[in-house]
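Asks: So here's model11.cif (mmCIF, C-alpha atoms and all ligand atoms).
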```
data_structure
loop_
_atom_site.label_atom_id
_atom_site.label_comp_id
_atom_site.auth_asym_id
_atom_site.auth_seq_id
_atom_site.Cartn_x
_atom_site.Cartn_y
_atom_site.Cartn_z
CA MET X 1 0.00 0.00 0.00
CA ARG X 2 1.37 3.40 -1.06
CA THR X 3 0.56 6.95 -0.05
CA LEU X 4 1.97 10.10 -1.60
CA VAL X 5 1.78 13.16 0.62
CA THR X 6 1.90 16.36 -1.42
CA ASP X 7 1.48 20.11 -0.85
CA ILE X 8 3.92 20.08 2.07
CA ALA X 9 5.15 23.62 2.68
CA GLU X 10 7.89 22.38 5.01
CA LEU X 11 8.96 18.82 5.72
CA VAL X 12 10.94 18.13 8.90
CA THR X 13 12.94 14.97 8.19
CA ASN X 14 15.47 15.07 11.06
CA ASP X 15 17.96 13.80 8.50
CA ALA X 16 21.27 13.71 10.36
CA ASP X 17 22.99 14.99 7.20
CA GLY X 18 20.90 18.18 7.30
CA PRO X 19 20.20 20.73 6.11
CA GLY X 20 20.27 22.23 9.60
CA LEU X 21 19.32 20.31 12.70
CA LEU X 22 15.88 19.37 11.36
CA GLY X 23 16.79 18.38 7.79
CA ILE X 24 14.09 20.69 6.46
CA VAL X 25 12.86 20.37 2.89
CA THR X 26 10.51 23.06 1.55
CA ASP X 27 7.81 22.38 -1.07
CA ALA X 28 8.23 18.71 -0.31
CA ALA X 29 6.60 15.38 -0.98
CA LEU X 30 6.68 12.17 1.02
CA LEU X 31 6.14 8.70 -0.38
CA ILE X 32 5.00 6.00 2.01
CA GLU X 33 5.03 2.31 1.21
CA ASP X 34 3.86 -0.47 3.50
CA GLY X 35 4.08 1.68 6.59
CA ARG X 36 7.59 2.98 5.91
CA VAL X 37 9.00 6.10 4.34
CA ARG X 38 10.15 5.15 0.87
CA TRP X 39 11.22 8.61 -0.30
CA ALA X 40 11.25 12.16 1.07
CA GLY X 41 12.41 15.30 -0.73
CA PRO X 42 11.51 18.31 -2.85
CA ALA X 43 8.30 17.65 -4.75
CA ALA X 44 9.95 18.81 -7.98
CA GLU X 45 12.73 16.26 -7.59
CA ALA X 46 10.70 13.17 -6.96
CA PRO X 47 12.73 10.40 -8.62
CA VAL X 48 11.24 8.70 -11.64
CA GLU X 49 10.88 5.53 -9.64
CA ALA X 50 8.98 7.39 -6.90
CA ALA X 51 6.88 9.22 -9.44
CA GLY X 52 6.03 5.91 -11.08
CA ALA X 53 5.16 4.42 -7.75
CA ALA X 54 3.16 7.54 -6.99
CA ALA X 55 0.93 6.86 -9.92
CA ALA X 56 -0.57 3.94 -8.07
CA ALA X 57 -0.52 5.65 -4.71
CA GLU X 58 -3.29 7.11 -2.64
CA ARG X 59 -2.77 10.87 -2.58
CA VAL X 60 -2.95 12.94 0.56
CA SER X 61 -2.64 16.72 0.47
CA ALA X 62 -0.97 18.39 3.41
CA GLY X 63 -2.83 21.51 2.36
CA GLY X 64 0.22 23.73 2.45
CA GLY X 65 0.94 22.76 6.05
CA ALA X 66 4.15 21.52 7.61
CA VAL X 67 4.79 17.81 8.08
CA ILE X 68 6.88 16.65 11.02
CA PRO X 69 7.76 13.25 12.50
CA GLY X 70 5.25 12.01 15.08
CA PHE X 71 6.25 12.94 18.61
CA VAL X 72 8.11 10.34 20.65
CA ASP X 73 6.97 10.74 24.25
CA SER X 74 9.67 8.77 26.05
CA HIS X 75 8.41 9.23 29.61
CA THR X 76 4.86 8.70 30.92
CA HIS X 77 3.09 7.08 33.86
CA LEU X 78 -0.33 6.28 32.39
CA VAL X 79 -1.41 3.35 34.56
CA PHE X 80 -3.17 4.99 37.47
CA ALA X 81 -6.50 5.81 39.06
CA GLY X 82 -7.62 8.66 41.26
CA ASP X 83 -7.57 12.44 41.18
CA ARG X 84 -4.91 14.78 42.55
CA SER X 85 -6.21 18.08 41.25
CA ALA X 86 -6.54 19.37 44.83
CA GLU X 87 -2.82 18.70 45.35
CA PHE X 88 -2.07 20.71 42.22
CA ALA X 89 -4.25 23.59 43.42
CA ALA X 90 -2.53 23.53 46.81
CA ARG X 91 0.85 23.74 45.08
CA MET X 92 -0.26 26.73 43.08
CA ALA X 93 -1.26 28.25 46.44
CA GLY X 94 2.24 27.74 47.79
CA GLN X 95 2.66 24.11 48.90
CA PRO X 96 5.83 22.32 47.69
CA TYR X 97 5.76 19.13 45.58
CA THR X 98 7.03 16.06 47.43
CA ALA X 99 7.32 12.40 46.48
CA GLY X 100 4.71 11.67 49.18
CA GLY X 101 1.73 12.41 46.91
CA ILE X 102 2.53 9.26 44.94
CA ALA X 103 1.08 7.19 47.83
CA ALA X 104 -2.41 8.56 47.16
CA THR X 105 -2.25 7.33 43.56
CA VAL X 106 -0.90 3.96 44.70
CA ALA X 107 -3.92 3.45 46.96
CA ALA X 108 -6.39 4.45 44.24
CA THR X 109 -4.63 2.32 41.61
CA ARG X 110 -4.56 -0.79 43.76
CA SER X 111 -8.29 -0.61 44.37
CA ALA X 112 -9.21 0.08 40.71
CA SER X 113 -10.36 -2.66 38.35
CA THR X 114 -8.12 -3.59 35.45
CA ALA X 115 -10.85 -2.44 33.05
CA ASP X 116 -10.98 0.99 34.67
CA LEU X 117 -7.19 1.34 34.62
CA GLU X 118 -7.08 0.35 30.98
CA ASP X 119 -9.94 2.69 30.01
CA ASN X 120 -8.12 5.60 31.64
CA LEU X 121 -4.88 4.69 29.88
CA VAL X 122 -6.62 4.43 26.49
CA ARG X 123 -8.33 7.79 26.99
CA LEU X 124 -4.98 9.43 27.74
CA LEU X 125 -3.31 7.66 24.83
CA ARG X 126 -6.01 8.93 22.46
CA GLN X 127 -5.47 12.45 23.78
CA ALA X 128 -1.75 12.09 23.17
CA GLU X 129 -2.34 10.81 19.64
CA ARG X 130 -4.63 13.72 18.86
CA SER X 131 -1.81 16.06 19.80
CA GLY X 132 0.63 14.25 17.52
CA THR X 133 2.26 11.55 19.63
CA THR X 134 2.93 8.31 17.76
CA THR X 135 5.34 6.50 20.12
CA VAL X 136 4.80 6.37 23.90
CA GLU X 137 6.83 4.86 26.69
CA ILE X 138 4.69 3.89 29.70
CA LYS X 139 5.89 3.04 33.20
CA THR X 140 4.43 0.97 36.01
CA GLY X 141 5.02 2.33 39.50
CA TYR X 142 1.65 2.87 41.16
CA GLY X 143 1.21 -0.82 42.04
CA LEU X 144 4.33 -1.52 44.11
CA SER X 145 3.68 -5.19 44.80
CA LEU X 146 4.45 -8.26 42.73
CA ASP X 147 0.89 -8.75 41.49
CA GLU X 148 0.13 -5.07 40.99
CA GLU X 149 3.31 -4.30 39.06
CA LEU X 150 2.72 -7.30 36.79
CA ARG X 151 -0.90 -6.24 36.30
CA ALA X 152 0.28 -2.78 35.23
CA LEU X 153 2.85 -4.29 32.85
CA ASP X 154 0.21 -6.46 31.22
CA ILE X 155 -1.97 -3.39 30.60
CA ILE X 156 0.98 -1.44 29.20
CA ASN X 157 2.05 -4.26 26.91
CA ARG X 158 -1.37 -4.25 25.26
CA HIS X 159 -0.75 -0.66 24.08
CA THR X 160 2.95 -0.03 23.48
CA ASP X 161 6.27 -1.81 22.94
CA GLU X 162 7.97 0.71 25.23
CA SER X 163 7.15 -0.77 28.63
CA THR X 164 9.09 0.20 31.73
CA LEU X 165 9.14 -1.49 35.12
CA LEU X 166 9.21 1.25 37.78
CA ALA X 167 8.58 -0.94 40.82
CA ALA X 168 11.17 1.27 42.57
CA HIS X 169 9.00 4.39 42.40
CA VAL X 170 8.49 4.89 46.15
CA VAL X 171 8.52 2.55 49.13
CA PRO X 172 4.92 1.30 49.57
CA PRO X 173 3.20 1.88 52.93
CA GLU X 174 3.47 -1.75 54.06
CA TYR X 175 7.30 -1.45 53.85
CA ARG X 176 7.51 2.01 55.45
CA ASP X 177 9.75 0.74 58.22
CA ASP X 178 11.72 -1.60 56.01
CA PRO X 179 12.74 0.08 52.75
CA GLU X 180 15.57 -2.40 52.21
CA GLY X 181 13.01 -5.19 52.51
CA TYR X 182 11.08 -3.59 49.65
CA VAL X 183 14.21 -3.30 47.51
CA ASP X 184 14.82 -6.99 48.21
CA LEU X 185 11.30 -7.74 46.98
CA VAL X 186 11.89 -5.72 43.80
CA VAL X 187 15.26 -7.32 43.10
CA GLU X 188 14.51 -10.88 44.12
CA ARG X 189 10.90 -11.31 43.03
CA ILE X 190 9.38 -8.52 40.96
CA ILE X 191 12.24 -8.09 38.49
CA PRO X 192 12.66 -11.84 37.80
CA ALA X 193 8.89 -12.14 37.31
CA ALA X 194 8.86 -9.16 34.95
CA ALA X 195 11.70 -10.54 32.79
CA GLY X 196 10.61 -10.66 29.16
CA ARG X 197 7.65 -8.40 29.92
CA ALA X 198 9.42 -5.04 30.34
CA ARG X 199 11.83 -3.47 27.85
CA TRP X 200 13.14 -1.02 30.45
CA VAL X 201 13.86 -0.82 34.16
CA ASP X 202 13.65 2.53 35.98
CA ALA X 203 13.93 3.84 39.54
CA PHE X 204 13.12 7.13 41.28
CA CYS X 205 16.41 8.13 42.91
CA GLU X 206 15.42 10.98 45.23
CA VAL X 207 14.91 12.09 48.81
CA GLY X 208 11.69 10.37 49.89
CA ALA X 209 12.12 7.63 47.28
CA PHE X 210 15.30 5.53 46.77
CA THR X 211 18.97 6.10 47.55
CA GLU X 212 21.67 5.83 44.93
CA ALA X 213 22.75 2.45 46.31
CA GLN X 214 19.19 1.14 46.18
CA ALA X 215 18.59 2.49 42.68
CA ALA X 216 21.87 0.93 41.52
CA ARG X 217 20.79 -2.46 42.89
CA VAL X 218 17.46 -2.25 41.09
CA LEU X 219 18.87 -1.16 37.74
CA THR X 220 21.65 -3.73 37.88
CA ALA X 221 19.16 -6.49 38.66
CA GLY X 222 16.92 -5.29 35.84
CA ARG X 223 19.77 -5.45 33.40
CA GLU X 224 20.62 -8.96 34.53
CA HIS X 225 17.06 -9.87 33.56
CA GLY X 226 17.23 -8.34 30.10
CA MET X 227 15.83 -4.87 30.80
CA MET X 228 17.71 -1.75 29.77
CA PRO X 229 18.16 0.91 32.46
CA ARG X 230 16.87 4.49 32.67
CA LEU X 231 16.61 6.66 35.78
CA HIS X 232 14.56 9.43 37.40
CA ALA X 233 17.42 11.62 38.62
CA ASN X 234 17.88 15.04 40.25
CA GLN X 235 14.21 16.04 40.10
CA LEU X 236 13.85 17.63 43.53
CA THR X 237 17.41 17.77 44.82
CA ALA X 238 20.97 17.74 43.52
CA SER X 239 22.57 14.36 44.15
CA GLY X 240 24.87 11.81 42.58
CA ALA X 241 21.95 10.29 40.65
CA LEU X 242 22.87 11.76 37.27
CA GLN X 243 26.40 10.44 37.53
CA LEU X 244 24.98 7.11 38.62
CA ALA X 245 22.88 7.05 35.44
CA ALA X 246 25.98 7.73 33.37
CA ARG X 247 27.99 5.09 35.23
CA LEU X 248 25.31 2.45 34.74
CA GLY X 249 25.05 3.25 31.02
CA CYS X 250 21.42 4.34 31.23
CA ALA X 251 19.82 5.14 27.90
CA SER X 252 18.30 8.20 29.53
CA ALA X 253 18.44 10.19 32.76
CA ASP X 254 15.12 11.94 33.24
CA HIS X 255 14.17 15.22 34.97
CA ALA X 256 17.73 16.49 35.59
CA THR X 257 16.25 19.68 36.98
CA PHE X 258 19.45 20.14 38.96
CA ALA X 259 22.78 19.33 37.31
CA THR X 260 26.40 20.29 37.87
CA GLU X 261 28.96 20.69 35.10
CA ALA X 262 30.53 17.42 36.24
CA ASP X 263 27.14 15.69 35.92
CA LEU X 264 26.71 16.99 32.38
CA ALA X 265 30.25 15.99 31.37
CA ALA X 266 29.65 12.46 32.67
CA LEU X 267 26.33 12.15 30.82
CA ALA X 268 27.80 13.45 27.57
CA ALA X 269 30.75 11.04 27.82
CA ALA X 270 28.43 8.10 28.49
CA GLY X 271 26.05 8.97 25.67
CA THR X 272 23.20 9.00 28.18
CA VAL X 273 20.35 11.13 26.83
CA VAL X 274 18.91 13.67 29.27
CA THR X 275 15.13 13.83 29.10
CA LEU X 276 13.82 17.18 30.25
CA LEU X 277 10.20 17.37 31.37
CA PRO X 278 8.88 20.94 31.15
CA GLY X 279 5.42 19.93 32.37
CA VAL X 280 6.95 19.06 35.74
CA GLU X 281 8.58 22.40 36.41
CA PHE X 282 5.40 24.06 35.12
CA SER X 283 3.13 22.05 37.44
CA THR X 284 5.34 22.08 40.52
CA ARG X 285 6.67 25.63 40.25
CA GLN X 286 10.24 24.37 40.33
CA PRO X 287 13.02 26.25 38.56
CA TYR X 288 13.34 25.38 34.87
CA PRO X 289 16.69 23.85 33.86
CA ASP X 290 18.46 25.86 31.14
CA ALA X 291 18.83 23.70 28.02
CA ARG X 292 21.72 25.84 26.78
CA ARG X 293 23.98 24.52 29.56
CA TYR X 294 23.15 20.92 28.70
CA LEU X 295 23.65 21.41 24.97
CA ALA X 296 26.90 23.30 25.50
CA ALA X 297 28.19 20.32 27.46
CA GLY X 298 27.43 18.02 24.52
CA VAL X 299 24.45 16.29 26.12
CA ILE X 300 21.72 14.89 23.86
CA LEU X 301 18.35 16.26 25.00
CA ALA X 302 14.93 14.67 24.74
CA LEU X 303 11.64 16.29 25.69
CA ALA X 304 8.75 14.28 27.14
CA THR X 305 5.50 14.92 29.00
CA ASP X 306 6.00 12.75 32.13
CA CYS X 307 2.20 12.50 31.96
CA ASN X 308 1.10 11.45 35.48
CA PRO X 309 -1.56 12.63 37.93
CA GLY X 310 0.92 14.22 40.34
CA SER X 311 3.76 16.24 38.91
CA SER X 312 2.70 16.81 35.28
CA PHE X 313 -0.79 15.97 34.07
CA THR X 314 -0.37 16.88 30.42
CA SER X 315 -0.33 14.51 27.48
CA SER X 316 0.52 17.28 25.02
CA MET X 317 3.95 17.37 23.40
CA PRO X 318 3.16 20.71 21.69
CA PHE X 319 2.58 22.19 25.14
CA CYS X 320 5.95 20.83 26.29
CA ILE X 321 7.66 22.27 23.20
CA ALA X 322 6.18 25.71 23.84
CA VAL X 323 7.26 25.72 27.49
CA ALA X 324 10.71 24.33 26.63
CA VAL X 325 11.26 27.17 24.18
CA ARG X 326 9.88 29.90 26.40
CA ASP X 327 11.25 28.84 29.75
CA MET X 328 14.08 26.37 29.18
CA HIS X 329 15.72 28.37 26.39
CA PHE X 330 15.56 25.68 23.75
CA THR X 331 15.60 27.12 20.26
CA VAL X 332 12.42 26.13 18.42
CA GLU X 333 14.44 23.78 16.22
CA GLN X 334 16.07 22.12 19.21
CA ALA X 335 12.73 21.66 20.96
CA VAL X 336 11.10 20.02 17.93
CA TRP X 337 14.17 17.82 17.43
CA SER X 338 14.18 16.79 21.11
CA ALA X 339 10.44 15.94 21.02
CA THR X 340 10.96 13.65 18.02
CA ALA X 341 14.52 12.46 17.32
CA GLY X 342 15.56 13.12 20.93
CA GLY X 343 12.78 10.92 22.28
CA ALA X 344 13.77 8.24 19.80
CA ALA X 345 17.36 8.44 21.06
CA ALA X 346 16.16 8.18 24.66
CA LEU X 347 14.33 4.98 23.70
CA ARG X 348 17.16 3.71 21.49
CA ARG X 349 14.72 3.58 18.57
CA PRO X 350 16.43 4.32 15.25
CA ASP X 351 13.19 3.57 13.36
CA VAL X 352 11.14 6.52 14.68
CA GLY X 353 11.60 10.26 15.19
CA ARG X 354 12.72 10.88 11.60
CA LEU X 355 11.19 10.92 8.13
CA THR X 356 13.95 9.55 5.95
CA ALA X 357 13.91 6.45 3.76
CA GLY X 358 13.30 3.32 5.80
CA ALA X 359 11.84 5.05 8.87
CA ARG X 360 8.43 4.15 10.17
CA ALA X 361 5.84 6.37 8.52
CA ASP X 362 4.82 8.10 11.74
CA PHE X 363 4.06 11.71 10.92
CA VAL X 364 1.92 14.73 11.67
CA ILE X 365 0.35 17.21 9.28
CA LEU X 366 0.14 20.63 10.92
CA ALA X 367 -2.45 23.29 10.24
CA ALA X 368 0.45 25.74 10.01
CA PRO X 369 3.18 26.31 7.42
CA SER X 370 6.16 25.72 9.72
CA HIS X 371 7.24 23.71 12.77
CA ARG X 372 7.92 27.09 14.41
CA TYR X 373 4.21 27.58 14.99
CA LEU X 374 4.28 24.83 17.63
CA ALA X 375 5.95 27.31 19.98
CA TYR X 376 4.81 30.51 18.29
CA ARG X 377 1.10 29.70 18.81
CA PRO X 378 1.05 28.09 22.27
CA GLY X 379 -2.15 26.39 23.36
CA VAL X 380 -3.62 26.46 19.85
CA ASP X 381 -4.44 23.08 18.37
CA LEU X 382 -2.39 22.87 15.18
CA VAL X 383 -2.31 19.09 14.74
CA ARG X 384 -4.55 18.35 11.77
CA ARG X 385 -3.75 14.73 10.96
CA VAL X 386 -1.66 12.03 12.61
CA TYR X 387 -0.37 8.91 10.85
CA ARG X 388 1.27 5.88 12.40
CA ASP X 389 2.80 3.14 10.24
CA GLY X 390 1.38 5.06 7.29
CA ARG X 391 -2.17 4.77 8.63
CA LEU X 392 -4.34 7.70 9.66
CA ILE X 393 -4.98 7.49 13.43
CA SER X 394 -6.35 10.96 14.14
CA ALA X 395 -7.90 13.65 11.96
CA ARG X 396 -9.35 17.04 12.70
CA GLU X 397 -10.43 18.48 9.43
CA ASP X 398 -11.96 21.46 11.21
CA CYS X 399 -8.50 22.69 12.26
CA PRO X 400 -8.37 26.39 11.40
O1 LIG E 501 8.20 11.51 37.19
N1 LIG E 501 9.26 11.51 40.00
C1 LIG E 501 8.58 10.57 40.24
N2 LIG E 501 7.50 10.18 39.61
C2 LIG E 501 6.65 11.04 38.85
C3 LIG E 501 5.68 11.74 39.70
C4 LIG E 501 4.67 10.81 40.16
C5 LIG E 501 3.59 11.42 40.98
O2 LIG E 501 3.70 12.52 41.57
O3 LIG E 501 2.57 10.71 41.04
C6 LIG E 501 7.48 12.00 38.04
O4 LIG E 501 7.42 13.21 38.23
FE FE E 502 8.33 10.29 35.81
#
```
For this file, produce the structure as structure tokens.

Replies:
Amino acid sequence: MRTLVTDIAELVTNDADGPGLLGIVTDAALLIEDGRVRWAGPAAEAPVEAAGAAAAAERVSAGGGAVIPGFVDSHTHLVFAGDRSAEFAARMAGQPYTAGGIAATVAATRSASTADLEDNLVRLLRQAERSGTTTVEIKTGYGLSLDEELRALDIINRHTDESTLLAAHVVPPEYRDDPEGYVDLVVERIIPAAAGRARWVDAFCEVGAFTEAQAARVLTAGREHGMMPRLHANQLTASGALQLAARLGCASADHATFATEADLAALAAAGTVVTLLPGVEFSTRQPYPDARRYLAAGVILALATDCNPGSSFTSSMPFCIAVAVRDMHFTVEQAVWSATAGGAAALRRPDVGRLTAGARADFVILAAPSHRYLAYRPGVDLVRRVYRDGRLISAREDCP
């Protein structure tokens, strides 16, 4: 099955050979075949072979809009129940964010039916898709027992390949006086049982959650059972967690709200992507990290939503791009790259986050002539159509 996308004012390919960071082609066309990009380039230069193939292709007009790769949201916590809007309102009235709020979601999640948890996850996934997300990583972490973490993984695995075991999110109430006992449970029982069912292992290394030594045990055990490590690091306090992530060869260190030059040097040397989460600083009134420092140190940056009911209840990557540009000092190009190719790097996924030959045909048609509008017109819905594997998954023909 072939689709030829025409009338593209600006095509963001993320081609590593350029031009520029985003590999932008103007007046472009895109040929899709069997769910993959077969050819991308200037419409006037479509090769004879592509033009011949195009003859038999379904034609889709981008209507003079920009086409960008689908967003790769490499950090979410979508398996949960309950409502923490009052906690958000209290924060906006001056209360600080602490890891303690997670316990409320754990209680609500444990008492929810699997059907209710899955309905909530699907609703959030659809929202994400409507705002242009085509690849989503989803973590467990509100179950915190053997059965509950496996239940969450089963739900996740029905909806994405990017499943993450975050059994080490916080110490559950029944282990309050014995955190090491809980780490033992994670390492000795939950991780072995999750082997083959989670692509990633993660831990929340923070005051009120897990120490560096505990996080290291969990990530090491996860790796021994075939899961690749990633880490929640330096969200609320400066610590050695970022350097731990580098030392353990994590694919990504996430949050990194606080980072020293030594942290950044270690991450750059290790090739560990740093995933910044603008929704968190927005929703917790924490200071925004300055992307310029991270980029100057040679760190690869991803942007993700961290969609969860506590610290960042947004599923919108365009929102995160706008905040990243305004408050984290990303350039618009860097923010769009980090929300697509950066997320793909954080998930070690060479097949997504780009629109060059061979990539998965995951793309978004914007109701705007340039990617710049994603930050230039904050809060305005500019996502007209979303395709995954070459198939239309969301359409809003009434987009202005
Ligand atoms: O990534 N940092 C830890 N976990 C989530 C927050 C979870 C919650 O508050 O429920 C995060 O921000
Ligand atoms: Fe998180």

Asks: Write out as a PyMOL selection string the residues lying within 10 Å of Thr237 (chain X), counting all atoms listed in the file and excluding same-chain residues fewer than 5 positions away.

Replies: chain X and resi 205-207+256-259

Asks: Kindly export the residues of the current selection with C-alpha atoms, as a PDB file, keeping the file's coordinate frame.

Replies:
```
ATOM      1  CA  CYS X 205      16.410   8.130  42.910  1.00  0.00           C
ATOM      2  CA  GLU X 206      15.420  10.980  45.230  1.00  0.00           C
ATOM      3  CA  VAL X 207      14.910  12.090  48.810  1.00  0.00           C
ATOM      4  CA  ALA X 256      17.730  16.490  35.590  1.00  0.00           C
ATOM      5  CA  THR X 257      16.250  19.680  36.980  1.00  0.00           C
ATOM      6  CA  PHE X 258      19.450  20.140  38.960  1.00  0.00           C
ATOM      7  CA  ALA X 259      22.780  19.330  37.310  1.00  0.00           C
TER       8      ALA X 259
END
```

Asks: Report, in Å with one decimal, the straight-line distance from CA of Gly249 (chain X) to CA of Met228 (chain X).

Replies: 9.0 Å

Asks: Ligand LIG 501 (chain E): which residues are within 6 Å, counting all atoms listed in the file? Reply as JSON, numbers by chain.

Replies: {"X": [101, 102, 204, 306, 308, 309, 310, 311]}

Asks: Nearest residue to Phe210 (chain X) out of X:Gly100, X:Gly390, X:Pro369, X:Pro179, using all atoms listed in the file?

Replies: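 Between X:Gly100, X:Gly390, X:Pro369, X:Pro179, the residue approaching Phe210 (chain X) most closely is X:Pro179.
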
Asks: As a VMD selection string, please: every protein or nucleic acid residue near ligand FE 502 (chain E) (cut-off 9 Å, counting all atoms listed in the file).

Replies: chain X and resid 75 to 77 139 169 204 232 254 to 255 277 280 305 to 308 311 to 312

Asks: Which distance in Å separates CA of Val136 (chain X) and CA of Ala89 (chain X), to one decimal?

Replies: 27.6 Å

Asks: Please compute the CA of Ala345 (chain X)-CA of Arg126 (chain X) distance, one decimal, in Å.

Replies: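 For CA of Ala345 (chain X) relative to CA of Arg126 (chain X), the distance reads 23.4 Å.
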
Asks: Counting only C-alpha atoms, figure out which residue out of X:Ala193, X:Val72, X:Cys250, X:Val171 gets nearest to Val364 (chain X).

Replies: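 Selected residue with least distance to Val364 (chain X): X:Val72.
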
Asks: Nearest to Ser74 (chain X): which of X:Asn120, X:Gln286, X:Thr3, X:Thr134 is it, counting all atoms listed in the file?

Replies: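 Ranked by minimum distance to Ser74 (chain X), first place goes to X:Thr134.
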
Asks: Find the residues near Thr26 (chain X): any atom within 9 Å, counting all atoms listed in the file, skip ones fewer than 6 places away on the same chain, and give them as a list in words.

Replies: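 Near Thr26 (chain X), the qualifying residues are Ile8, Ala9, Glu10, Leu11, Val12, Gly41, Pro42, Ala43 and Ala66 of chain X.
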
Asks: Neighbours of Arg110 (chain X) within 7 Å (all atoms listed in the file; same-chain residues fewer than 2 positions away dropped), as a list in words?

Replies: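 What passes the distance filter is Val106, Ala107, Ala108, Ala112, Gly143 and Glu148 of chain X.
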
Asks: How would the residues just chosen look if you wrote them out with C-alpha atoms as a PDB file, in the coordinates of the input?

Replies:
```
ATOM      1  CA  VAL X 106      -0.900   3.960  44.700  1.00  0.00           C
ATOM      2  CA  ALA X 107      -3.920   3.450  46.960  1.00  0.00           C
ATOM      3  CA  ALA X 108      -6.390   4.450  44.240  1.00  0.00           C
ATOM      4  CA  ALA X 112      -9.210   0.080  40.710  1.00  0.00           C
ATOM      5  CA  GLY X 143       1.210  -0.820  42.040  1.00  0.00           C
ATOM      6  CA  GLU X 148       0.130  -5.070  40.990  1.00  0.00           C
TER       7      GLU X 148
END
```

Asks: What residues have an atom no more than 7 Å from (8.1, -3.2, 42.2) in the file's own frame, counting only C-alpha atoms, and can you write them as a list in words?

Replies: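 Residues satisfying the cut-off, written out: Gly141, Leu144, Ser145, Leu146, Glu149, Leu166, Ala167, Ala168, Val186 and Ile190 of chain X.
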
Asks: Quick one: of X:Gly82, X:Gly35, X:Gly70, X:Gly298, who's nearest to Glu261 (chain X), counting only C-alpha atoms?

Replies: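 Selected residue with least distance to Glu261 (chain X): X:Gly298.
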
Asks: Could you give me, as a Markdown table, a per-residue list for region 263-301 of chain X showing, wherever an atom lies at most 9 Å from an atom of region 322-338 of chain X, the closest pair of atoms and their distance in Å to one decimal, using all atoms listed in the file and sorting by chain then residue number from low to high?

Replies:
```
| residue | atom | partner | partner_atom | distance |
| --- | --- | --- | --- | --- |
| X:Thr275 | CA | X:Ser338 | CA | 8.6 |
| X:Leu276 | CA | X:Ala324 | CA | 8.6 |
| X:Leu277 | CA | X:Ala324 | CA | 8.4 |
| X:Pro278 | CA | X:Ala324 | CA | 5.9 |
| X:Gly279 | CA | X:Val323 | CA | 7.8 |
| X:Phe282 | CA | X:Val323 | CA | 8.0 |
| X:Tyr288 | CA | X:Met328 | CA | 5.8 |
| X:Pro289 | CA | X:Met328 | CA | 5.9 |
| X:Asp290 | CA | X:Met328 | CA | 4.8 |
| X:Ala291 | CA | X:Met328 | CA | 5.6 |
| X:Arg292 | CA | X:His329 | CA | 6.5 |
| X:Ile300 | CA | X:Ser338 | CA | 8.2 |
| X:Leu301 | CA | X:Ser338 | CA | 5.7 |
```

Asks: Neighbours of Thr114 (chain X) within 9 Å (only C-alpha atoms; same-chain residues fewer than 4 positions away dropped), as a list in words?

Replies: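 Near Thr114 (chain X), the qualifying residues are Glu118, Asp119, Arg151, Ala152 and Ile155 of chain X.
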
Asks: Which residue is closest to Ser394 (chain X)? Choose from X:Ser85, X:Thr314, X:Thr133, X:Ser163 and count only C-alpha atoms.

Replies: X:Thr133

Asks: Please provide as a compact mmCIF listing (two decimals) with C-alpha atoms, in the coordinates of the input all residues within 8 Å of Thr164 (chain X), with the sequence filter that same-chain residues fewer than 2 positions apart are discarded (counting all atoms listed in the file).

Replies:
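around.txt, written as the output of this step:
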```txt
# COMPACT_ATOMS: atom_id res chain seq x y z
CA GLU X 137 6.83 4.86 26.69
CA ILE X 138 4.69 3.89 29.70
CA LYS X 139 5.89 3.04 33.20
CA THR X 140 4.43 0.97 36.01
CA LEU X 153 2.85 -4.29 32.85
CA GLU X 162 7.97 0.71 25.23
CA LEU X 166 9.21 1.25 37.78
CA ALA X 198 9.42 -5.04 30.34
CA ARG X 199 11.83 -3.47 27.85
CA TRP X 200 13.14 -1.02 30.45
CA VAL X 201 13.86 -0.82 34.16
CA ASP X 202 13.65 2.53 35.98
```
